[in-house]
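structure_22.cif (mmCIF, N, CA and C atoms, pLDDT in the B column; chains and numbers go by the auth columns) appears below.
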```
data_upload
loop_
_atom_site.group_PDB
_atom_site.id
_atom_site.type_symbol
_atom_site.label_atom_id
_atom_site.label_comp_id
_atom_site.label_asym_id
_atom_site.label_seq_id
_atom_site.Cartn_x
_atom_site.Cartn_y
_atom_site.Cartn_z
_atom_site.B_iso_or_equiv
_atom_site.auth_seq_id
_atom_site.auth_asym_id
ATOM 1 N N MET A 1 -18.760 -32.888 10.840 48.00 687 A
ATOM 2 C CA MET A 1 -17.947 -32.192 11.814 48.00 687 A
ATOM 3 C C MET A 1 -17.060 -31.177 11.088 48.00 687 A
ATOM 4 N N MET A 2 -16.992 -29.978 11.622 51.00 688 A
ATOM 5 C CA MET A 2 -16.215 -28.921 11.000 51.00 688 A
ATOM 6 C C MET A 2 -14.810 -28.866 11.598 51.00 688 A
ATOM 7 N N THR A 3 -13.833 -28.665 10.755 65.00 689 A
ATOM 8 C CA THR A 3 -12.447 -28.550 11.203 65.00 689 A
ATOM 9 C C THR A 3 -12.143 -27.098 11.543 65.00 689 A
ATOM 10 N N HIS A 4 -11.464 -26.890 12.650 81.00 690 A
ATOM 11 C CA HIS A 4 -11.065 -25.531 13.037 81.00 690 A
ATOM 12 C C HIS A 4 -10.058 -25.021 12.010 81.00 690 A
ATOM 13 N N PRO A 5 -10.167 -23.762 11.614 83.00 691 A
ATOM 14 C CA PRO A 5 -9.227 -23.212 10.618 83.00 691 A
ATOM 15 C C PRO A 5 -7.759 -23.385 10.999 83.00 691 A
ATOM 16 N N ALA A 6 -7.447 -23.305 12.278 87.00 692 A
ATOM 17 C CA ALA A 6 -6.059 -23.476 12.709 87.00 692 A
ATOM 18 C C ALA A 6 -5.559 -24.883 12.388 87.00 692 A
ATOM 19 N N SER A 7 -6.427 -25.870 12.503 91.00 693 A
ATOM 20 C CA SER A 7 -6.032 -27.242 12.192 91.00 693 A
ATOM 21 C C SER A 7 -5.683 -27.395 10.719 91.00 693 A
ATOM 22 N N ALA A 8 -6.455 -26.755 9.879 92.00 694 A
ATOM 23 C CA ALA A 8 -6.186 -26.810 8.440 92.00 694 A
ATOM 24 C C ALA A 8 -4.857 -26.135 8.115 92.00 694 A
ATOM 25 N N ILE A 9 -4.586 -25.023 8.778 93.00 695 A
ATOM 26 C CA ILE A 9 -3.318 -24.323 8.555 93.00 695 A
ATOM 27 C C ILE A 9 -2.150 -25.178 9.017 93.00 695 A
ATOM 28 N N LYS A 10 -2.273 -25.770 10.196 93.00 696 A
ATOM 29 C CA LYS A 10 -1.204 -26.623 10.718 93.00 696 A
ATOM 30 C C LYS A 10 -0.939 -27.804 9.793 93.00 696 A
ATOM 31 N N ARG A 11 -1.998 -28.388 9.265 95.00 697 A
ATOM 32 C CA ARG A 11 -1.854 -29.514 8.336 95.00 697 A
ATOM 33 C C ARG A 11 -1.124 -29.079 7.065 95.00 697 A
ATOM 34 N N GLU A 12 -1.497 -27.921 6.539 96.00 698 A
ATOM 35 C CA GLU A 12 -0.845 -27.421 5.332 96.00 698 A
ATOM 36 C C GLU A 12 0.631 -27.115 5.577 96.00 698 A
ATOM 37 N N VAL A 13 0.927 -26.511 6.728 96.00 699 A
ATOM 38 C CA VAL A 13 2.320 -26.223 7.072 96.00 699 A
ATOM 39 C C VAL A 13 3.111 -27.523 7.159 96.00 699 A
ATOM 40 N N ARG A 14 2.547 -28.529 7.808 97.00 700 A
ATOM 41 C CA ARG A 14 3.229 -29.818 7.948 97.00 700 A
ATOM 42 C C ARG A 14 3.548 -30.421 6.580 97.00 700 A
ATOM 43 N N GLN A 15 2.589 -30.340 5.659 98.00 701 A
ATOM 44 C CA GLN A 15 2.809 -30.862 4.312 98.00 701 A
ATOM 45 C C GLN A 15 3.914 -30.087 3.593 98.00 701 A
ATOM 46 N N LEU A 16 3.894 -28.771 3.732 98.00 702 A
ATOM 47 C CA LEU A 16 4.917 -27.949 3.082 98.00 702 A
ATOM 48 C C LEU A 16 6.303 -28.226 3.656 98.00 702 A
ATOM 49 N N VAL A 17 6.390 -28.371 4.974 98.00 703 A
ATOM 50 C CA VAL A 17 7.673 -28.658 5.609 98.00 703 A
ATOM 51 C C VAL A 17 8.179 -30.029 5.171 98.00 703 A
ATOM 52 N N ASP A 18 7.286 -31.005 5.100 98.00 704 A
ATOM 53 C CA ASP A 18 7.683 -32.340 4.618 98.00 704 A
ATOM 54 C C ASP A 18 8.253 -32.255 3.212 98.00 704 A
ATOM 55 N N ARG A 19 7.632 -31.435 2.372 98.00 705 A
ATOM 56 C CA ARG A 19 8.119 -31.270 0.997 98.00 705 A
ATOM 57 C C ARG A 19 9.478 -30.569 0.979 98.00 705 A
ATOM 58 N N GLN A 20 9.662 -29.600 1.880 98.00 706 A
ATOM 59 C CA GLN A 20 10.962 -28.920 1.973 98.00 706 A
ATOM 60 C C GLN A 20 12.055 -29.933 2.335 98.00 706 A
ATOM 61 N N ILE A 21 11.761 -30.776 3.306 97.00 707 A
ATOM 62 C CA ILE A 21 12.726 -31.787 3.733 97.00 707 A
ATOM 63 C C ILE A 21 13.035 -32.741 2.592 97.00 707 A
ATOM 64 N N ALA A 22 12.002 -33.195 1.887 97.00 708 A
ATOM 65 C CA ALA A 22 12.207 -34.109 0.760 97.00 708 A
ATOM 66 C C ALA A 22 13.073 -33.465 -0.320 97.00 708 A
ATOM 67 N N THR A 23 12.860 -32.185 -0.556 96.00 709 A
ATOM 68 C CA THR A 23 13.667 -31.469 -1.557 96.00 709 A
ATOM 69 C C THR A 23 15.134 -31.452 -1.159 96.00 709 A
ATOM 70 N N LEU A 24 15.398 -31.178 0.108 95.00 710 A
ATOM 71 C CA LEU A 24 16.789 -31.108 0.572 95.00 710 A
ATOM 72 C C LEU A 24 17.458 -32.480 0.630 95.00 710 A
ATOM 73 N N ARG A 25 16.668 -33.522 0.709 96.00 711 A
ATOM 74 C CA ARG A 25 17.227 -34.875 0.771 96.00 711 A
ATOM 75 C C ARG A 25 17.467 -35.486 -0.608 96.00 711 A
ATOM 76 N N GLN A 26 17.127 -34.771 -1.649 95.00 712 A
ATOM 77 C CA GLN A 26 17.337 -35.293 -2.998 95.00 712 A
ATOM 78 C C GLN A 26 18.815 -35.626 -3.187 95.00 712 A
ATOM 79 N N PRO A 27 19.086 -36.778 -3.798 94.00 713 A
ATOM 80 C CA PRO A 27 20.482 -37.167 -3.997 94.00 713 A
ATOM 81 C C PRO A 27 21.179 -36.348 -5.089 94.00 713 A
ATOM 82 N N THR A 28 20.405 -35.660 -5.891 94.00 714 A
ATOM 83 C CA THR A 28 20.985 -34.859 -6.977 94.00 714 A
ATOM 84 C C THR A 28 20.993 -33.381 -6.594 94.00 714 A
ATOM 85 N N SER A 29 21.753 -32.606 -7.328 94.00 715 A
ATOM 86 C CA SER A 29 21.791 -31.163 -7.101 94.00 715 A
ATOM 87 C C SER A 29 20.434 -30.554 -7.410 94.00 715 A
ATOM 88 N N LEU A 30 20.131 -29.497 -6.690 94.00 716 A
ATOM 89 C CA LEU A 30 18.867 -28.817 -6.932 94.00 716 A
ATOM 90 C C LEU A 30 18.961 -27.973 -8.197 94.00 716 A
ATOM 91 N N THR A 31 17.891 -27.990 -8.958 96.00 717 A
ATOM 92 C CA THR A 31 17.818 -27.174 -10.168 96.00 717 A
ATOM 93 C C THR A 31 17.290 -25.789 -9.802 96.00 717 A
ATOM 94 N N SER A 32 17.341 -24.886 -10.746 96.00 718 A
ATOM 95 C CA SER A 32 16.778 -23.555 -10.535 96.00 718 A
ATOM 96 C C SER A 32 15.294 -23.650 -10.212 96.00 718 A
ATOM 97 N N SER A 33 14.609 -24.558 -10.874 96.00 719 A
ATOM 98 C CA SER A 33 13.194 -24.773 -10.627 96.00 719 A
ATOM 99 C C SER A 33 12.962 -25.272 -9.197 96.00 719 A
ATOM 100 N N ASP A 34 13.790 -26.243 -8.759 96.00 720 A
ATOM 101 C CA ASP A 34 13.690 -26.755 -7.390 96.00 720 A
ATOM 102 C C ASP A 34 13.864 -25.624 -6.380 96.00 720 A
ATOM 103 N N LEU A 35 14.870 -24.791 -6.622 97.00 721 A
ATOM 104 C CA LEU A 35 15.137 -23.680 -5.711 97.00 721 A
ATOM 105 C C LEU A 35 13.996 -22.662 -5.694 97.00 721 A
ATOM 106 N N GLY A 36 13.438 -22.398 -6.856 97.00 722 A
ATOM 107 C CA GLY A 36 12.298 -21.477 -6.938 97.00 722 A
ATOM 108 C C GLY A 36 11.097 -22.006 -6.179 97.00 722 A
ATOM 109 N N GLU A 37 10.819 -23.299 -6.343 97.00 723 A
ATOM 110 C CA GLU A 37 9.705 -23.923 -5.627 97.00 723 A
ATOM 111 C C GLU A 37 9.965 -23.950 -4.125 97.00 723 A
ATOM 112 N N TYR A 38 11.221 -24.218 -3.756 98.00 724 A
ATOM 113 C CA TYR A 38 11.608 -24.240 -2.348 98.00 724 A
ATOM 114 C C TYR A 38 11.368 -22.860 -1.723 98.00 724 A
ATOM 115 N N HIS A 39 11.782 -21.825 -2.422 98.00 725 A
ATOM 116 C CA HIS A 39 11.602 -20.458 -1.946 98.00 725 A
ATOM 117 C C HIS A 39 10.110 -20.116 -1.823 98.00 725 A
ATOM 118 N N ALA A 40 9.323 -20.495 -2.811 98.00 726 A
ATOM 119 C CA ALA A 40 7.886 -20.218 -2.781 98.00 726 A
ATOM 120 C C ALA A 40 7.227 -20.925 -1.596 98.00 726 A
ATOM 121 N N ARG A 41 7.626 -22.186 -1.352 98.00 727 A
ATOM 122 C CA ARG A 41 7.076 -22.917 -0.196 98.00 727 A
ATOM 123 C C ARG A 41 7.487 -22.239 1.113 98.00 727 A
ATOM 124 N N SER A 42 8.714 -21.766 1.170 98.00 728 A
ATOM 125 C CA SER A 42 9.195 -21.079 2.367 98.00 728 A
ATOM 126 C C SER A 42 8.358 -19.829 2.650 98.00 728 A
ATOM 127 N N GLU A 43 8.078 -19.071 1.627 98.00 729 A
ATOM 128 C CA GLU A 43 7.237 -17.880 1.789 98.00 729 A
ATOM 129 C C GLU A 43 5.829 -18.259 2.223 98.00 729 A
ATOM 130 N N LYS A 44 5.294 -19.340 1.672 98.00 730 A
ATOM 131 C CA LYS A 44 3.952 -19.804 2.033 98.00 730 A
ATOM 132 C C LYS A 44 3.920 -20.229 3.502 98.00 730 A
ATOM 133 N N ILE A 45 4.958 -20.930 3.950 98.00 731 A
ATOM 134 C CA ILE A 45 5.038 -21.359 5.347 98.00 731 A
ATOM 135 C C ILE A 45 5.039 -20.133 6.258 98.00 731 A
ATOM 136 N N THR A 46 5.827 -19.130 5.909 97.00 732 A
ATOM 137 C CA THR A 46 5.890 -17.901 6.700 97.00 732 A
ATOM 138 C C THR A 46 4.527 -17.222 6.757 97.00 732 A
ATOM 139 N N THR A 47 3.858 -17.140 5.623 97.00 733 A
ATOM 140 C CA THR A 47 2.533 -16.525 5.552 97.00 733 A
ATOM 141 C C THR A 47 1.540 -17.278 6.420 97.00 733 A
ATOM 142 N N LEU A 48 1.565 -18.603 6.350 96.00 734 A
ATOM 143 C CA LEU A 48 0.630 -19.407 7.137 96.00 734 A
ATOM 144 C C LEU A 48 0.897 -19.267 8.635 96.00 734 A
ATOM 145 N N TYR A 49 2.162 -19.225 9.036 94.00 735 A
ATOM 146 C CA TYR A 49 2.474 -19.025 10.458 94.00 735 A
ATOM 147 C C TYR A 49 2.010 -17.654 10.932 94.00 735 A
ATOM 148 N N ARG A 50 2.131 -16.641 10.092 95.00 736 A
ATOM 149 C CA ARG A 50 1.638 -15.311 10.467 95.00 736 A
ATOM 150 C C ARG A 50 0.118 -15.334 10.639 95.00 736 A
ATOM 151 N N LYS A 51 -0.546 -16.031 9.741 94.00 737 A
ATOM 152 C CA LYS A 51 -1.997 -16.152 9.811 94.00 737 A
ATOM 153 C C LYS A 51 -2.404 -16.884 11.092 94.00 737 A
ATOM 154 N N LEU A 52 -1.696 -17.949 11.406 92.00 738 A
ATOM 155 C CA LEU A 52 -1.965 -18.713 12.614 92.00 738 A
ATOM 156 C C LEU A 52 -1.716 -17.841 13.854 92.00 738 A
ATOM 157 N N ASP A 53 -0.633 -17.096 13.850 92.00 739 A
ATOM 158 C CA ASP A 53 -0.322 -16.205 14.956 92.00 739 A
ATOM 159 C C ASP A 53 -1.430 -15.173 15.143 92.00 739 A
ATOM 160 N N GLN A 54 -1.911 -14.627 14.057 91.00 740 A
ATOM 161 C CA GLN A 54 -2.985 -13.638 14.139 91.00 740 A
ATOM 162 C C GLN A 54 -4.260 -14.259 14.704 91.00 740 A
ATOM 163 N N MET A 55 -4.551 -15.482 14.312 89.00 741 A
ATOM 164 C CA MET A 55 -5.730 -16.170 14.831 89.00 741 A
ATOM 165 C C MET A 55 -5.620 -16.370 16.342 89.00 741 A
ATOM 166 N N VAL A 56 -4.436 -16.759 16.795 84.00 742 A
ATOM 167 C CA VAL A 56 -4.224 -16.986 18.230 84.00 742 A
ATOM 168 C C VAL A 56 -4.337 -15.672 18.993 84.00 742 A
ATOM 169 N N ARG A 57 -3.737 -14.621 18.459 87.00 743 A
ATOM 170 C CA ARG A 57 -3.814 -13.315 19.124 87.00 743 A
ATOM 171 C C ARG A 57 -5.256 -12.820 19.208 87.00 743 A
ATOM 172 N N THR A 58 -5.991 -12.965 18.120 84.00 744 A
ATOM 173 C CA THR A 58 -7.394 -12.539 18.103 84.00 744 A
ATOM 174 C C THR A 58 -8.195 -13.330 19.129 84.00 744 A
ATOM 175 N N SER A 59 -7.990 -14.623 19.150 78.00 745 A
ATOM 176 C CA SER A 59 -8.687 -15.480 20.104 78.00 745 A
ATOM 177 C C SER A 59 -8.344 -15.084 21.541 78.00 745 A
ATOM 178 N N PHE A 60 -7.074 -14.796 21.786 69.00 746 A
ATOM 179 C CA PHE A 60 -6.639 -14.388 23.127 69.00 746 A
ATOM 180 C C PHE A 60 -7.359 -13.120 23.563 69.00 746 A
ATOM 181 N N TRP A 61 -7.366 -12.101 22.692 68.00 747 A
ATOM 182 C CA TRP A 61 -7.975 -10.833 23.061 68.00 747 A
ATOM 183 C C TRP A 61 -9.494 -10.955 23.201 68.00 747 A
ATOM 184 N N GLU A 62 -10.110 -11.799 22.388 72.00 748 A
ATOM 185 C CA GLU A 62 -11.552 -12.020 22.523 72.00 748 A
ATOM 186 C C GLU A 62 -11.873 -12.692 23.850 72.00 748 A
ATOM 187 N N SER A 63 -11.032 -13.645 24.259 71.00 749 A
ATOM 188 C CA SER A 63 -11.258 -14.322 25.532 71.00 749 A
ATOM 189 C C SER A 63 -11.032 -13.367 26.708 71.00 749 A
ATOM 190 N N ARG A 64 -10.091 -12.431 26.555 68.00 750 A
ATOM 191 C CA ARG A 64 -9.832 -11.448 27.618 68.00 750 A
ATOM 192 C C ARG A 64 -11.024 -10.494 27.761 68.00 750 A
ATOM 193 N N ARG A 65 -11.620 -10.119 26.639 75.00 751 A
ATOM 194 C CA ARG A 65 -12.771 -9.208 26.678 75.00 751 A
ATOM 195 C C ARG A 65 -13.979 -9.892 27.314 75.00 751 A
ATOM 196 N N ALA A 66 -14.113 -11.194 27.083 74.00 752 A
ATOM 197 C CA ALA A 66 -15.252 -11.940 27.613 74.00 752 A
ATOM 198 C C ALA A 66 -15.146 -12.143 29.121 74.00 752 A
ATOM 199 N N SER A 67 -13.940 -12.010 29.653 65.00 753 A
ATOM 200 C CA SER A 67 -13.727 -12.234 31.097 65.00 753 A
ATOM 201 C C SER A 67 -14.233 -11.079 31.932 65.00 753 A
#
```
Could you write out this structure as structure tokens?
Amino acid sequence: MMTHPASAIKREVRQLVDRQIATLRQPTSLTSSDLGEYHARSEKITTLYRKLDQMVRTSFWESRRAS
């Protein structure tokens, strides 16, 4: 069975968000490395949401053309 690309993106976003939460819950202060990784994950989440949005928009317009 093949997984829809949107499902894979949603799963990846969920994992990244979970990691962001875990980072913020650390009992110790964040290091420069922690902050850099946090920022990189944030950018990745934004990129994935844009990709997901584009997929939904494309699907919407394709369904409108088929009607």
Open item on the list: Can you pull out the residues contacting Glu698 of chain A? Cut-off 12 Å, using only C-alpha atoms, and skip same-chain residues under 3 positions away; I want them as a ChimeraX atom specification.
Closed with: /A:691-695,701-705,727,730-735,738
Just list as a compact mmCIF listing (two decimals) with N, CA and C atoms, in the frame of the given file whatever in chain A DSSP marks as alpha helix (DSSP H).
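The resulting file, selection_11.txt, is reproduced below:
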```txt
# COMPACT_ATOMS: atom_id res chain seq x y z
N PRO A 691 -10.17 -23.76 11.61
CA PRO A 691 -9.23 -23.21 10.62
C PRO A 691 -7.76 -23.38 11.00
N ALA A 692 -7.45 -23.30 12.28
CA ALA A 692 -6.06 -23.48 12.71
C ALA A 692 -5.56 -24.88 12.39
N SER A 693 -6.43 -25.87 12.50
CA SER A 693 -6.03 -27.24 12.19
C SER A 693 -5.68 -27.40 10.72
N ALA A 694 -6.46 -26.76 9.88
CA ALA A 694 -6.19 -26.81 8.44
C ALA A 694 -4.86 -26.14 8.12
N ILE A 695 -4.59 -25.02 8.78
CA ILE A 695 -3.32 -24.32 8.56
C ILE A 695 -2.15 -25.18 9.02
N LYS A 696 -2.27 -25.77 10.20
CA LYS A 696 -1.20 -26.62 10.72
C LYS A 696 -0.94 -27.80 9.79
N ARG A 697 -2.00 -28.39 9.26
CA ARG A 697 -1.85 -29.51 8.34
C ARG A 697 -1.12 -29.08 7.06
N GLU A 698 -1.50 -27.92 6.54
CA GLU A 698 -0.84 -27.42 5.33
C GLU A 698 0.63 -27.12 5.58
N VAL A 699 0.93 -26.51 6.73
CA VAL A 699 2.32 -26.22 7.07
C VAL A 699 3.11 -27.52 7.16
N ARG A 700 2.55 -28.53 7.81
CA ARG A 700 3.23 -29.82 7.95
C ARG A 700 3.55 -30.42 6.58
N GLN A 701 2.59 -30.34 5.66
CA GLN A 701 2.81 -30.86 4.31
C GLN A 701 3.91 -30.09 3.59
N LEU A 702 3.89 -28.77 3.73
CA LEU A 702 4.92 -27.95 3.08
C LEU A 702 6.30 -28.23 3.66
N VAL A 703 6.39 -28.37 4.97
CA VAL A 703 7.67 -28.66 5.61
C VAL A 703 8.18 -30.03 5.17
N ASP A 704 7.29 -31.00 5.10
CA ASP A 704 7.68 -32.34 4.62
C ASP A 704 8.25 -32.26 3.21
N ARG A 705 7.63 -31.44 2.37
CA ARG A 705 8.12 -31.27 1.00
C ARG A 705 9.48 -30.57 0.98
N GLN A 706 9.66 -29.60 1.88
CA GLN A 706 10.96 -28.92 1.97
C GLN A 706 12.06 -29.93 2.34
N ILE A 707 11.76 -30.78 3.31
CA ILE A 707 12.73 -31.79 3.73
C ILE A 707 13.04 -32.74 2.59
N ALA A 708 12.00 -33.20 1.89
CA ALA A 708 12.21 -34.11 0.76
C ALA A 708 13.07 -33.47 -0.32
N THR A 709 12.86 -32.18 -0.56
CA THR A 709 13.67 -31.47 -1.56
C THR A 709 15.13 -31.45 -1.16
N LEU A 710 15.40 -31.18 0.11
CA LEU A 710 16.79 -31.11 0.57
C LEU A 710 17.46 -32.48 0.63
N SER A 718 17.34 -24.89 -10.75
CA SER A 718 16.78 -23.56 -10.54
C SER A 718 15.29 -23.65 -10.21
N SER A 719 14.61 -24.56 -10.87
CA SER A 719 13.19 -24.77 -10.63
C SER A 719 12.96 -25.27 -9.20
N ASP A 720 13.79 -26.24 -8.76
CA ASP A 720 13.69 -26.76 -7.39
C ASP A 720 13.86 -25.62 -6.38
N LEU A 721 14.87 -24.79 -6.62
CA LEU A 721 15.14 -23.68 -5.71
C LEU A 721 14.00 -22.66 -5.69
N GLY A 722 13.44 -22.40 -6.86
CA GLY A 722 12.30 -21.48 -6.94
C GLY A 722 11.10 -22.01 -6.18
N GLU A 723 10.82 -23.30 -6.34
CA GLU A 723 9.70 -23.92 -5.63
C GLU A 723 9.96 -23.95 -4.12
N TYR A 724 11.22 -24.22 -3.76
CA TYR A 724 11.61 -24.24 -2.35
C TYR A 724 11.37 -22.86 -1.72
N HIS A 725 11.78 -21.82 -2.42
CA HIS A 725 11.60 -20.46 -1.95
C HIS A 725 10.11 -20.12 -1.82
N ALA A 726 9.32 -20.50 -2.81
CA ALA A 726 7.89 -20.22 -2.78
C ALA A 726 7.23 -20.92 -1.60
N ARG A 727 7.63 -22.19 -1.35
CA ARG A 727 7.08 -22.92 -0.20
C ARG A 727 7.49 -22.24 1.11
N SER A 728 8.71 -21.77 1.17
CA SER A 728 9.20 -21.08 2.37
C SER A 728 8.36 -19.83 2.65
N GLU A 729 8.08 -19.07 1.63
CA GLU A 729 7.24 -17.88 1.79
C GLU A 729 5.83 -18.26 2.22
N LYS A 730 5.29 -19.34 1.67
CA LYS A 730 3.95 -19.80 2.03
C LYS A 730 3.92 -20.23 3.50
N ILE A 731 4.96 -20.93 3.95
CA ILE A 731 5.04 -21.36 5.35
C ILE A 731 5.04 -20.13 6.26
N THR A 732 5.83 -19.13 5.91
CA THR A 732 5.89 -17.90 6.70
C THR A 732 4.53 -17.22 6.76
N THR A 733 3.86 -17.14 5.62
CA THR A 733 2.53 -16.52 5.55
C THR A 733 1.54 -17.28 6.42
N LEU A 734 1.56 -18.60 6.35
CA LEU A 734 0.63 -19.41 7.14
C LEU A 734 0.90 -19.27 8.64
N TYR A 735 2.16 -19.23 9.04
CA TYR A 735 2.47 -19.02 10.46
C TYR A 735 2.01 -17.65 10.93
N ARG A 736 2.13 -16.64 10.09
CA ARG A 736 1.64 -15.31 10.47
C ARG A 736 0.12 -15.33 10.64
N LYS A 737 -0.55 -16.03 9.74
CA LYS A 737 -2.00 -16.15 9.81
C LYS A 737 -2.40 -16.88 11.09
N LEU A 738 -1.70 -17.95 11.41
CA LEU A 738 -1.96 -18.71 12.61
C LEU A 738 -1.72 -17.84 13.85
N ASP A 739 -0.63 -17.10 13.85
CA ASP A 739 -0.32 -16.20 14.96
C ASP A 739 -1.43 -15.17 15.14
N GLN A 740 -1.91 -14.63 14.06
CA GLN A 740 -2.98 -13.64 14.14
C GLN A 740 -4.26 -14.26 14.70
N MET A 741 -4.55 -15.48 14.31
CA MET A 741 -5.73 -16.17 14.83
C MET A 741 -5.62 -16.37 16.34
N VAL A 742 -4.44 -16.76 16.80
CA VAL A 742 -4.22 -16.99 18.23
C VAL A 742 -4.34 -15.67 18.99
N ARG A 743 -3.74 -14.62 18.46
CA ARG A 743 -3.81 -13.32 19.12
C ARG A 743 -5.26 -12.82 19.21
N THR A 744 -5.99 -12.96 18.12
CA THR A 744 -7.39 -12.54 18.10
C THR A 744 -8.20 -13.33 19.13
N SER A 745 -7.99 -14.62 19.15
CA SER A 745 -8.69 -15.48 20.10
C SER A 745 -8.34 -15.08 21.54
N PHE A 746 -7.07 -14.80 21.79
CA PHE A 746 -6.64 -14.39 23.13
C PHE A 746 -7.36 -13.12 23.56
N TRP A 747 -7.37 -12.10 22.69
CA TRP A 747 -7.98 -10.83 23.06
C TRP A 747 -9.49 -10.96 23.20
N GLU A 748 -10.11 -11.80 22.39
CA GLU A 748 -11.55 -12.02 22.52
C GLU A 748 -11.87 -12.69 23.85
N SER A 749 -11.03 -13.64 24.26
CA SER A 749 -11.26 -14.32 25.53
C SER A 749 -11.03 -13.37 26.71
N ARG A 750 -10.09 -12.43 26.56
CA ARG A 750 -9.83 -11.45 27.62
C ARG A 750 -11.02 -10.49 27.76
N ARG A 751 -11.62 -10.12 26.64
CA ARG A 751 -12.77 -9.21 26.68
C ARG A 751 -13.98 -9.89 27.31
N ALA A 752 -14.11 -11.19 27.08
CA ALA A 752 -15.25 -11.94 27.61
C ALA A 752 -15.15 -12.14 29.12
```
Open item on the list: Please report the interatomic distance between atom CA of Arg743 of chain A and atom CA of Arg700 of chain A in Å with one decimal.
Closed with: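 Spanning atom CA of Arg743 of chain A to atom CA of Arg700 of chain A is a straight-line distance of 21.1 Å.
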TODO: Rounded to one decimal place, report the atom CA of Thr744 of chain A-atom C of Lys696 of chain A distance in Å.
DONE: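 Value for the atom CA of Thr744 of chain A-atom C of Lys696 of chain A distance: 18.5 Å.
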TODO: Please measure the separation of atom N of His690 of chain A and atom CA of Ala752 of chain A, giving the value in Å to one decimal.
DONE: 21.5 Å
